[in-house]
Amino acid sequence: MLVFILINLINTGINYKPWKLFPPSEIEVKAGFDSMNVRFIGNWPFGPSFAVSFDPSRNLVFLGSGGGVYILNVSNPSNPQKVSEKIYTRGFVWGLFYEPVNKRLYIATEQGGLEIWDVTDASNPIKLGHYFTPSYSYGVYVSGNYAYVTDYYAGLRIINVSNPSSPYEVGYYNTPGYPLGVHISGNYAYVADGISGLRIIDVSNPSSPYEVGYYYTPGWAWGVYVSGNYAYVADGGSGLRIIDVSNSSSPYEVGYYDTPGAAQGVYVSDNYAYVADGNSGLRIINVSNPSSPYEVGYYYTPDDAIGVYVSSNYAYVADGRAGLRIINVSNPFSPYEVGYYDTPGAALGVYISSNYAYVADYYAGLRIIDISNPSSPYEVGYYYTPDDAIGVYVSGNYAYVADKGSGLRIIDVSNSFSPYEVGYYDTPGAALGVYVSSNYAYVADERAGLRIIDISNPSSPYEVGYYDTPGYAQGVYVSSNYAYVADGGSGLRIIDISNPSSPYEVGYYDTPGYAQGVYVSDNYAYVADGNSGLRIINVSNPSSPYEVGYYQTPEWAEGVYVSENYAYVADYYAGLQIYKFYGYGIEENDFSKEEFRLLGNVVKNEIKIESNHLIKDKISQFELYNVLGEKVRTYRVSKSNSRISLSIDGICSGIYFLKYNKENKPFKVIITR
């Protein structure tokens, strides 16, 4: 039996990955969200900042931060004030476009597609609608009734947003590279297409866009800004490239400036190009003569400058883990920071106790989130641990934090608003996961396996036993006499701890991803498996565990906690994700069955089926259901051969389930456009 859990797309990567894009061959493409009997409830998604936009009339900055958007009042740039943190997106925020007439914010949310929010009341933004693009949405630009979205695997998508509550795609152009940024000028869309440089698409007829010209930049085109006859391309390690686009069919480079970092964002104002240059911060380039650009000033931001927006005398920089940096550029030769708004870290571990979620938030330590209303969680307190908080377990008045380089930290959380440390034990390796049972803390210690710490006196803990697992121990859960260890590349390891001084392994299951966290409920171990999302393992017989289901989370599954009907997943830069279980779902069909199979379960134009039943049965009936269990279409087919095709015209992208009249189990079908 499979437990159907709400899923979204995922970028694969490595443990504690940076936020650079991964090579295309390392990314698994999926579409939409998958939920039959589990619903998304809410999240606390804030993390590193990659995108920024601005409303000059109200002095509001929109800061994309992990899986959400902060709205900040910068009337006083030296002291930005948070207006709202109520925009929670379903994916990681990579692109923002603010449309001032209707006061709407368009958000490119990677695997979550395009989201449209009304920010007329900045303190109470309202989600108007969304549209799932086929793979990963990175950039967005709105002109007239259309949103132009760059989709990493599916080119430029053109979405009609005249009715923001019901956006729909009207056309697309599949660029040859991996599009990241887009700028609209006149009848043309200028696309920063990764390895394929700058592509110029004619969008005068949005339903039939076509390429009119291109220029292969030497680096990796991340961002683009068009001003006059020139396209300014942020070209990764090749810096700023200036392309003459006066003849759109024959663009050519007229000048460049090789910035010291990796150019990822660019904004042009007057005679200056402002480049978000990765670890080299903000670079200010004089482009008054496009053939001879030169740098006039720079400011090294604390982290990696990813996005930039310039208005009046200020450059607003989305600076990764350092949040928003506000740089005074009134004198381009001598820019300086006047204010900032820092953002939290990356959710790696989570524990639920009473009305609070305790989040191990990487470099931001322990964060305490009020979840009394699961659809609207908010932070009430925090404690900065000495190193990077990876795992957390709460027992009584104490939070036990696995703090990577500084071992086990014991935090008094009796007052959620003012937590403080009372004791610690520095394990030999990197403490990544922790579970407390009775007088023992069980620590997953990466290179040193499972460590068992006596915590009967919280101010003076000590080690009593250990078991060196074959992989890199990341997380641990204890149930009865067993410790279940998420062991990185070695999957789930099951350790007998009936004698804490002499633990030993009794069974294991090698998960397909990188096992990071684990929670055991009834006979199932729920494994946060990194790039492979959530894996569900039957452990009723600890010596012979086996997988019964799997689902993807928005980002990189690090930790998981199950409480009553809710599953809380610590999902790295996508923050804390909250799901509600409605019980066990239906069992999927086995695609390997010879008597009935789909000829590919990812489809664009039609569903192709092969089955001997199609010859035997005079009438075959198929029913197509969406992820909410609603019937979308019924097919009645008369047959005389073993293969048929079912039309999917008029059906939008997403995950569906196809049921055959002779089968009790449905087939999953992923429709892409």
# chains A, B, ... in the order shown; residues from 1 in each chain; ligands from 1
call {"tool": "residues_around", "arguments": {"residues": "A:Glu558", "least_positions_apart": "5", "cutoff": "12 Å", "atoms": "only C-alpha atoms", "output": "PyMOL selection string"}}
result
chain A and resi 14-17+346-350+359-362+390-392+432-433+474-476+486+488+513-519+526-535+552-553+568-577
call {"tool": "write_last_selection", "arguments": {"atoms": "C-alpha atoms", "output": "tab-separated table (two decimals), in the first residue's frame"}}
result
chain	number	residue	atom	x	y	z
A	14	ILE	CA	24.73	16.80	-2.63
A	15	ASN	CA	24.49	16.88	1.12
A	16	TYR	CA	24.33	20.50	2.31
A	17	LYS	CA	24.41	21.70	-1.24
A	346	ALA	CA	18.05	26.20	6.05
A	347	ALA	CA	15.68	23.80	7.81
A	348	LEU	CA	17.47	20.51	8.39
A	349	GLY	CA	15.70	18.95	11.37
A	350	VAL	CA	12.32	19.34	13.05
A	359	VAL	CA	13.56	23.62	13.74
A	360	ALA	CA	17.28	22.91	13.47
A	361	ASP	CA	17.98	25.74	11.07
A	362	TYR	CA	21.58	25.16	10.04
A	390	ILE	CA	21.34	19.89	11.96
A	391	GLY	CA	19.00	17.81	14.16
A	392	VAL	CA	16.76	18.41	17.16
A	432	LEU	CA	23.85	15.56	12.55
A	433	GLY	CA	20.89	13.83	14.21
A	474	GLN	CA	22.74	11.69	9.40
A	475	GLY	CA	19.64	11.02	11.51
A	476	VAL	CA	18.32	8.63	14.14
A	486	ALA	CA	19.52	7.38	8.36
A	488	GLY	CA	23.54	8.76	4.08
A	513	GLY	CA	18.88	8.73	-2.32
A	514	TYR	CA	20.93	10.07	0.56
A	515	ALA	CA	19.20	9.17	3.83
A	516	GLN	CA	19.15	12.28	6.04
A	517	GLY	CA	16.42	11.82	8.62
A	518	VAL	CA	14.04	9.14	9.90
A	519	TYR	CA	10.83	8.85	11.90
A	526	TYR	CA	9.64	7.42	7.12
A	527	VAL	CA	13.04	8.33	5.69
A	528	ALA	CA	13.91	11.85	4.55
A	529	ASP	CA	16.05	10.69	1.64
A	530	GLY	CA	17.59	13.89	0.29
A	531	ASN	CA	17.17	14.08	-3.48
A	532	SER	CA	14.78	11.10	-3.43
A	533	GLY	CA	12.29	12.80	-1.14
A	534	LEU	CA	10.38	10.75	1.41
A	535	ARG	CA	10.75	6.96	1.36
A	552	GLN	CA	9.07	13.91	-3.42
A	553	THR	CA	9.27	17.05	-1.28
A	568	TYR	CA	6.36	17.86	9.22
A	569	VAL	CA	9.26	17.78	6.77
A	570	ALA	CA	12.42	19.85	7.20
A	571	ASP	CA	13.09	20.54	3.55
A	572	TYR	CA	16.36	22.51	3.45
A	573	TYR	CA	15.98	25.91	1.76
A	574	ALA	CA	12.25	25.29	1.29
A	575	GLY	CA	11.91	25.41	5.09
A	576	LEU	CA	9.33	23.56	7.14
A	577	GLN	CA	6.61	21.89	5.08
call {"tool": "residues_around", "arguments": {"residues": "stretch 241-247 of chain A", "least_positions_apart": "6", "cutoff": "12 Å", "atoms": "only C-alpha atoms", "output": "NGL selection string"}}
result
:A and (185-186 or 188-190 or 192 or 197-201 or 212-235 or 253-259 or 263-266 or 268 or 273 or 275 or 285-294)
call {"tool": "atom_distance", "arguments": {"atom1": "atom CA of A:Thr120", "atom2": "atom CA of A:Pro344"}}
result
26.0 Å
call {"tool": "select_by_dssp", "arguments": {"residues": "stretch 317-542 of chain A", "states": "strand (DSSP E)", "output": "count of residues only"}}
result
112
call {"tool": "closest_residue", "arguments": {"among": "A:Gly381, A:Ser479, A:Tyr314, A:Val182", "to": "A:Ser75", "atoms": "only C-alpha atoms"}}
result
A:Tyr314
call {"tool": "closest_residue", "arguments": {"among": "A:Pro100, A:Gln81, A:Tyr477, A:Asn541", "to": "A:Gly339", "atoms": "only C-alpha atoms"}}
result
A:Gln81
call {"tool": "residues_around", "arguments": {"residues": "A:Phe97", "least_positions_apart": "6", "cutoff": "10 Å", "atoms": "only C-alpha atoms", "output": "list in words"}}
result
Ala51, Val52, Ser53, Phe54, Phe62, Arg104, Leu105, Tyr106, Ile107, Ala108, Ile116, Gly139, Val140, Tyr141, Val142 and Ala147 of chain A
call {"tool": "write_last_selection", "arguments": {"atoms": "N, CA, C and O atoms", "output": "PDB file, in the first residue's frame"}}
result
ATOM      1  N   ALA A  51      16.027  36.593  -4.962  1.00  0.00           N
ATOM      2  CA  ALA A  51      15.306  37.502  -5.861  1.00  0.00           C
ATOM      3  C   ALA A  51      14.808  38.710  -5.094  1.00  0.00           C
ATOM      4  O   ALA A  51      14.470  38.629  -3.909  1.00  0.00           O
ATOM      5  N   VAL A  52      14.739  39.848  -5.797  1.00  0.00           N
ATOM      6  CA  VAL A  52      14.287  41.075  -5.158  1.00  0.00           C
ATOM      7  C   VAL A  52      13.569  41.955  -6.183  1.00  0.00           C
ATOM      8  O   VAL A  52      13.922  41.980  -7.360  1.00  0.00           O
ATOM      9  N   SER A  53      12.507  42.615  -5.738  1.00  0.00           N
ATOM     10  CA  SER A  53      11.812  43.591  -6.558  1.00  0.00           C
ATOM     11  C   SER A  53      11.386  44.743  -5.657  1.00  0.00           C
ATOM     12  O   SER A  53      11.555  44.676  -4.432  1.00  0.00           O
ATOM     13  N   PHE A  54      10.797  45.801  -6.258  1.00  0.00           N
ATOM     14  CA  PHE A  54      10.615  47.038  -5.498  1.00  0.00           C
ATOM     15  C   PHE A  54       9.384  47.786  -5.979  1.00  0.00           C
ATOM     16  O   PHE A  54       9.071  47.804  -7.175  1.00  0.00           O
ATOM     17  N   PHE A  62      10.226  43.629  -2.090  1.00  0.00           N
ATOM     18  CA  PHE A  62       9.756  42.250  -2.087  1.00  0.00           C
ATOM     19  C   PHE A  62      10.998  41.360  -2.164  1.00  0.00           C
ATOM     20  O   PHE A  62      11.740  41.423  -3.147  1.00  0.00           O
ATOM     21  N   ARG A 104       0.293  43.697  -8.234  1.00  0.00           N
ATOM     22  CA  ARG A 104       0.402  42.244  -8.220  1.00  0.00           C
ATOM     23  C   ARG A 104       1.861  41.820  -8.269  1.00  0.00           C
ATOM     24  O   ARG A 104       2.680  42.432  -8.957  1.00  0.00           O
ATOM     25  N   LEU A 105       2.150  40.754  -7.540  1.00  0.00           N
ATOM     26  CA  LEU A 105       3.489  40.199  -7.515  1.00  0.00           C
ATOM     27  C   LEU A 105       3.466  38.832  -8.200  1.00  0.00           C
ATOM     28  O   LEU A 105       2.680  37.957  -7.829  1.00  0.00           O
ATOM     29  N   TYR A 106       4.306  38.692  -9.213  1.00  0.00           N
ATOM     30  CA  TYR A 106       4.424  37.443  -9.963  1.00  0.00           C
ATOM     31  C   TYR A 106       5.706  36.752  -9.511  1.00  0.00           C
ATOM     32  O   TYR A 106       6.786  37.360  -9.522  1.00  0.00           O
ATOM     33  N   ILE A 107       5.578  35.483  -9.121  1.00  0.00           N
ATOM     34  CA  ILE A 107       6.689  34.779  -8.492  1.00  0.00           C
ATOM     35  C   ILE A 107       7.011  33.507  -9.270  1.00  0.00           C
ATOM     36  O   ILE A 107       6.145  32.650  -9.463  1.00  0.00           O
ATOM     37  N   ALA A 108       8.268  33.383  -9.719  1.00  0.00           N
ATOM     38  CA  ALA A 108       8.750  32.140 -10.325  1.00  0.00           C
ATOM     39  C   ALA A 108       9.292  31.280  -9.199  1.00  0.00           C
ATOM     40  O   ALA A 108      10.285  31.636  -8.553  1.00  0.00           O
ATOM     41  N   ILE A 116       0.722  34.025  -8.484  1.00  0.00           N
ATOM     42  CA  ILE A 116       0.295  35.418  -8.622  1.00  0.00           C
ATOM     43  C   ILE A 116      -0.342  35.852  -7.314  1.00  0.00           C
ATOM     44  O   ILE A 116      -1.292  35.216  -6.830  1.00  0.00           O
ATOM     45  N   GLY A 139      12.677  32.445 -14.022  1.00  0.00           N
ATOM     46  CA  GLY A 139      12.547  33.873 -14.259  1.00  0.00           C
ATOM     47  C   GLY A 139      11.150  34.225 -14.724  1.00  0.00           C
ATOM     48  O   GLY A 139      10.449  33.390 -15.306  1.00  0.00           O
ATOM     49  N   VAL A 140      10.734  35.470 -14.475  1.00  0.00           N
ATOM     50  CA  VAL A 140       9.404  35.909 -14.908  1.00  0.00           C
ATOM     51  C   VAL A 140       9.442  37.400 -15.236  1.00  0.00           C
ATOM     52  O   VAL A 140      10.113  38.188 -14.563  1.00  0.00           O
ATOM     53  N   TYR A 141       8.733  37.745 -16.306  1.00  0.00           N
ATOM     54  CA  TYR A 141       8.566  39.139 -16.705  1.00  0.00           C
ATOM     55  C   TYR A 141       7.140  39.275 -17.212  1.00  0.00           C
ATOM     56  O   TYR A 141       6.655  38.411 -17.966  1.00  0.00           O
ATOM     57  N   VAL A 142       6.448  40.334 -16.793  1.00  0.00           N
ATOM     58  CA  VAL A 142       5.051  40.525 -17.180  1.00  0.00           C
ATOM     59  C   VAL A 142       4.925  41.746 -18.071  1.00  0.00           C
ATOM     60  O   VAL A 142       5.476  42.819 -17.780  1.00  0.00           O
ATOM     61  N   ALA A 147       2.382  36.775 -18.805  1.00  0.00           N
ATOM     62  CA  ALA A 147       3.576  36.526 -18.001  1.00  0.00           C
ATOM     63  C   ALA A 147       4.487  35.616 -18.809  1.00  0.00           C
ATOM     64  O   ALA A 147       4.053  34.561 -19.303  1.00  0.00           O
TER      65      ALA A 147
END
call {"tool": "residues_around", "arguments": {"residues": "A:Pro335", "least_positions_apart": "4", "cutoff": "9 Å", "atoms": "only C-alpha atoms", "output": "list in words"}}
result
Ile284, Gly297, Tyr298, Tyr299, Ile327, Asn328, Val329, Ser330 and Asn331 of chain A
call {"tool": "closest_residue", "arguments": {"among": "A:Asp121, A:Glu295, A:Glu606, A:Glu115", "to": "A:Ser166", "atoms": "only C-alpha atoms"}}
result
A:Glu115
call {"tool": "residues_around", "arguments": {"residues": "stretch 498-508 of chain A", "least_positions_apart": "5", "cutoff": "6 Å", "atoms": "only C-alpha atoms", "output": "NGL selection string"}}
result
:A and (464-465 or 467 or 481 or 492-493 or 542-543)
call {"tool": "residues_around", "arguments": {"residues": "A:Gly405", "least_positions_apart": "5", "cutoff": "12 Å", "atoms": "only C-alpha atoms", "output": "short mmCIF file (atom, residue, chain, number, x, y, z; two decimals) with all heavy atoms, in the first residue's frame"}}
result
data_model
loop_
_atom_site.label_atom_id
_atom_site.label_comp_id
_atom_site.auth_asym_id
_atom_site.auth_seq_id
_atom_site.Cartn_x
_atom_site.Cartn_y
_atom_site.Cartn_z
N TYR A 362 20.23 25.04 10.59
CA TYR A 362 21.58 25.16 10.04
C TYR A 362 22.35 26.27 10.74
O TYR A 362 22.45 26.30 11.96
CB TYR A 362 21.50 25.36 8.54
CG TYR A 362 22.72 24.92 7.74
CD1 TYR A 362 23.71 24.14 8.30
CD2 TYR A 362 22.86 25.27 6.41
CE1 TYR A 362 24.81 23.73 7.57
CE2 TYR A 362 23.97 24.87 5.66
CZ TYR A 362 24.94 24.11 6.25
OH TYR A 362 26.03 23.70 5.52
N TYR A 363 22.90 27.23 9.99
CA TYR A 363 23.71 28.29 10.59
C TYR A 363 22.89 29.26 11.45
O TYR A 363 23.44 30.08 12.18
CB TYR A 363 24.45 29.08 9.50
CG TYR A 363 23.57 29.48 8.35
CD1 TYR A 363 22.77 30.60 8.41
CD2 TYR A 363 23.53 28.70 7.20
CE1 TYR A 363 21.95 30.95 7.36
CE2 TYR A 363 22.71 29.04 6.14
CZ TYR A 363 21.93 30.17 6.23
OH TYR A 363 21.10 30.51 5.19
N THR A 385 23.18 28.25 18.13
CA THR A 385 24.14 27.27 18.61
C THR A 385 25.54 27.62 18.09
O THR A 385 25.67 28.40 17.13
CB THR A 385 23.73 25.87 18.15
OG1 THR A 385 23.54 25.89 16.73
CG2 THR A 385 22.44 25.44 18.82
N PRO A 386 26.60 27.05 18.70
CA PRO A 386 27.96 27.45 18.29
C PRO A 386 28.29 27.14 16.85
O PRO A 386 29.08 27.85 16.22
CB PRO A 386 28.86 26.65 19.25
CG PRO A 386 27.99 26.27 20.39
CD PRO A 386 26.60 26.14 19.83
N ASP A 387 27.72 26.04 16.30
CA ASP A 387 28.07 25.65 14.93
C ASP A 387 26.80 25.60 14.09
O ASP A 387 25.97 26.51 14.20
CB ASP A 387 28.80 24.30 14.94
CG ASP A 387 29.63 24.08 13.69
OD1 ASP A 387 30.71 24.69 13.58
OD2 ASP A 387 29.20 23.30 12.83
N ASP A 388 26.62 24.56 13.28
CA ASP A 388 25.46 24.45 12.40
C ASP A 388 24.47 23.44 12.97
O ASP A 388 24.76 22.24 13.05
CB ASP A 388 25.89 24.00 10.99
CG ASP A 388 26.72 25.06 10.29
OD1 ASP A 388 26.57 26.24 10.62
OD2 ASP A 388 27.52 24.68 9.42
N ALA A 389 23.27 23.92 13.34
CA ALA A 389 22.24 23.05 13.89
C ALA A 389 21.67 22.16 12.80
O ALA A 389 21.11 22.65 11.82
CB ALA A 389 21.14 23.88 14.54
N ILE A 390 21.77 20.84 12.98
CA ILE A 390 21.34 19.89 11.96
C ILE A 390 20.12 19.08 12.40
O ILE A 390 19.20 18.85 11.63
CB ILE A 390 22.49 18.91 11.61
CG1 ILE A 390 23.77 19.68 11.28
CG2 ILE A 390 22.08 18.03 10.44
CD1 ILE A 390 23.69 20.56 10.06
N TYR A 425 27.82 17.91 24.94
CA TYR A 425 28.82 16.86 24.83
C TYR A 425 29.33 16.86 23.39
O TYR A 425 28.56 16.68 22.45
CB TYR A 425 28.25 15.48 25.17
CG TYR A 425 29.30 14.39 25.06
CD1 TYR A 425 30.19 14.16 26.10
CD2 TYR A 425 29.41 13.63 23.89
CE1 TYR A 425 31.16 13.18 26.00
CE2 TYR A 425 30.39 12.66 23.78
CZ TYR A 425 31.27 12.44 24.83
OH TYR A 425 32.25 11.48 24.71
N ASP A 426 30.63 17.05 23.23
CA ASP A 426 31.23 17.15 21.89
C ASP A 426 31.58 15.74 21.39
O ASP A 426 32.56 15.15 21.84
CB ASP A 426 32.46 18.04 21.93
CG ASP A 426 32.90 18.45 20.53
OD1 ASP A 426 32.27 18.00 19.56
OD2 ASP A 426 33.87 19.21 20.41
N THR A 427 30.76 15.22 20.46
CA THR A 427 31.00 13.90 19.89
C THR A 427 32.23 13.93 18.99
O THR A 427 32.67 15.00 18.56
CB THR A 427 29.77 13.43 19.11
OG1 THR A 427 29.45 14.43 18.13
CG2 THR A 427 28.58 13.25 20.04
N PRO A 428 32.80 12.74 18.66
CA PRO A 428 34.07 12.73 17.91
C PRO A 428 33.97 13.23 16.48
O PRO A 428 34.96 13.70 15.92
CB PRO A 428 34.49 11.25 17.95
CG PRO A 428 33.24 10.50 18.22
CD PRO A 428 32.39 11.39 19.08
N GLY A 429 32.81 13.09 15.85
CA GLY A 429 32.68 13.53 14.46
C GLY A 429 31.78 14.75 14.35
O GLY A 429 31.84 15.66 15.18
N ALA A 430 30.91 14.75 13.33
CA ALA A 430 29.98 15.85 13.09
C ALA A 430 28.58 15.39 13.48
O ALA A 430 27.99 14.55 12.79
CB ALA A 430 30.02 16.29 11.63
N ALA A 431 28.04 15.92 14.58
CA ALA A 431 26.71 15.53 15.05
C ALA A 431 25.64 16.06 14.12
O ALA A 431 25.52 17.28 13.93
CB ALA A 431 26.49 16.05 16.47
N LEU A 432 24.84 15.15 13.54
CA LEU A 432 23.85 15.56 12.55
C LEU A 432 22.42 15.21 12.94
O LEU A 432 21.48 15.82 12.43
CB LEU A 432 24.17 14.92 11.19
CG LEU A 432 25.55 15.24 10.61
CD1 LEU A 432 25.72 14.57 9.25
CD2 LEU A 432 25.77 16.73 10.49
N ASP A 445 26.30 10.57 14.19
CA ASP A 445 27.53 11.37 14.19
C ASP A 445 28.34 11.18 12.91
O ASP A 445 29.52 10.82 12.96
CB ASP A 445 28.37 11.00 15.42
CG ASP A 445 29.45 12.04 15.72
OD1 ASP A 445 29.14 13.24 15.66
OD2 ASP A 445 30.59 11.63 15.98
N GLU A 446 27.71 11.39 11.80
CA GLU A 446 28.29 11.29 10.46
C GLU A 446 29.41 10.26 10.37
O GLU A 446 29.15 9.07 10.21
CB GLU A 446 28.76 12.65 9.95
CG GLU A 446 28.94 12.63 8.44
CD GLU A 446 29.10 13.99 7.81
OE1 GLU A 446 29.72 14.88 8.41
OE2 GLU A 446 28.58 14.16 6.69
N ARG A 447 30.65 10.61 10.50
CA ARG A 447 31.77 9.67 10.30
C ARG A 447 32.01 8.75 11.50
O ARG A 447 32.84 7.84 11.42
CB ARG A 447 33.05 10.45 9.99
CG ARG A 447 32.96 11.19 8.66
CD ARG A 447 34.24 11.97 8.38
NE ARG A 447 34.11 12.75 7.16
CZ ARG A 447 34.36 12.29 5.95
NH1 ARG A 447 34.78 11.04 5.79
NH2 ARG A 447 34.21 13.05 4.88
#
call {"tool": "atom_distance", "arguments": {"atom1": "atom CA of A:Tyr398", "atom2": "atom CA of A:Ile578"}}
result
23.3 Å
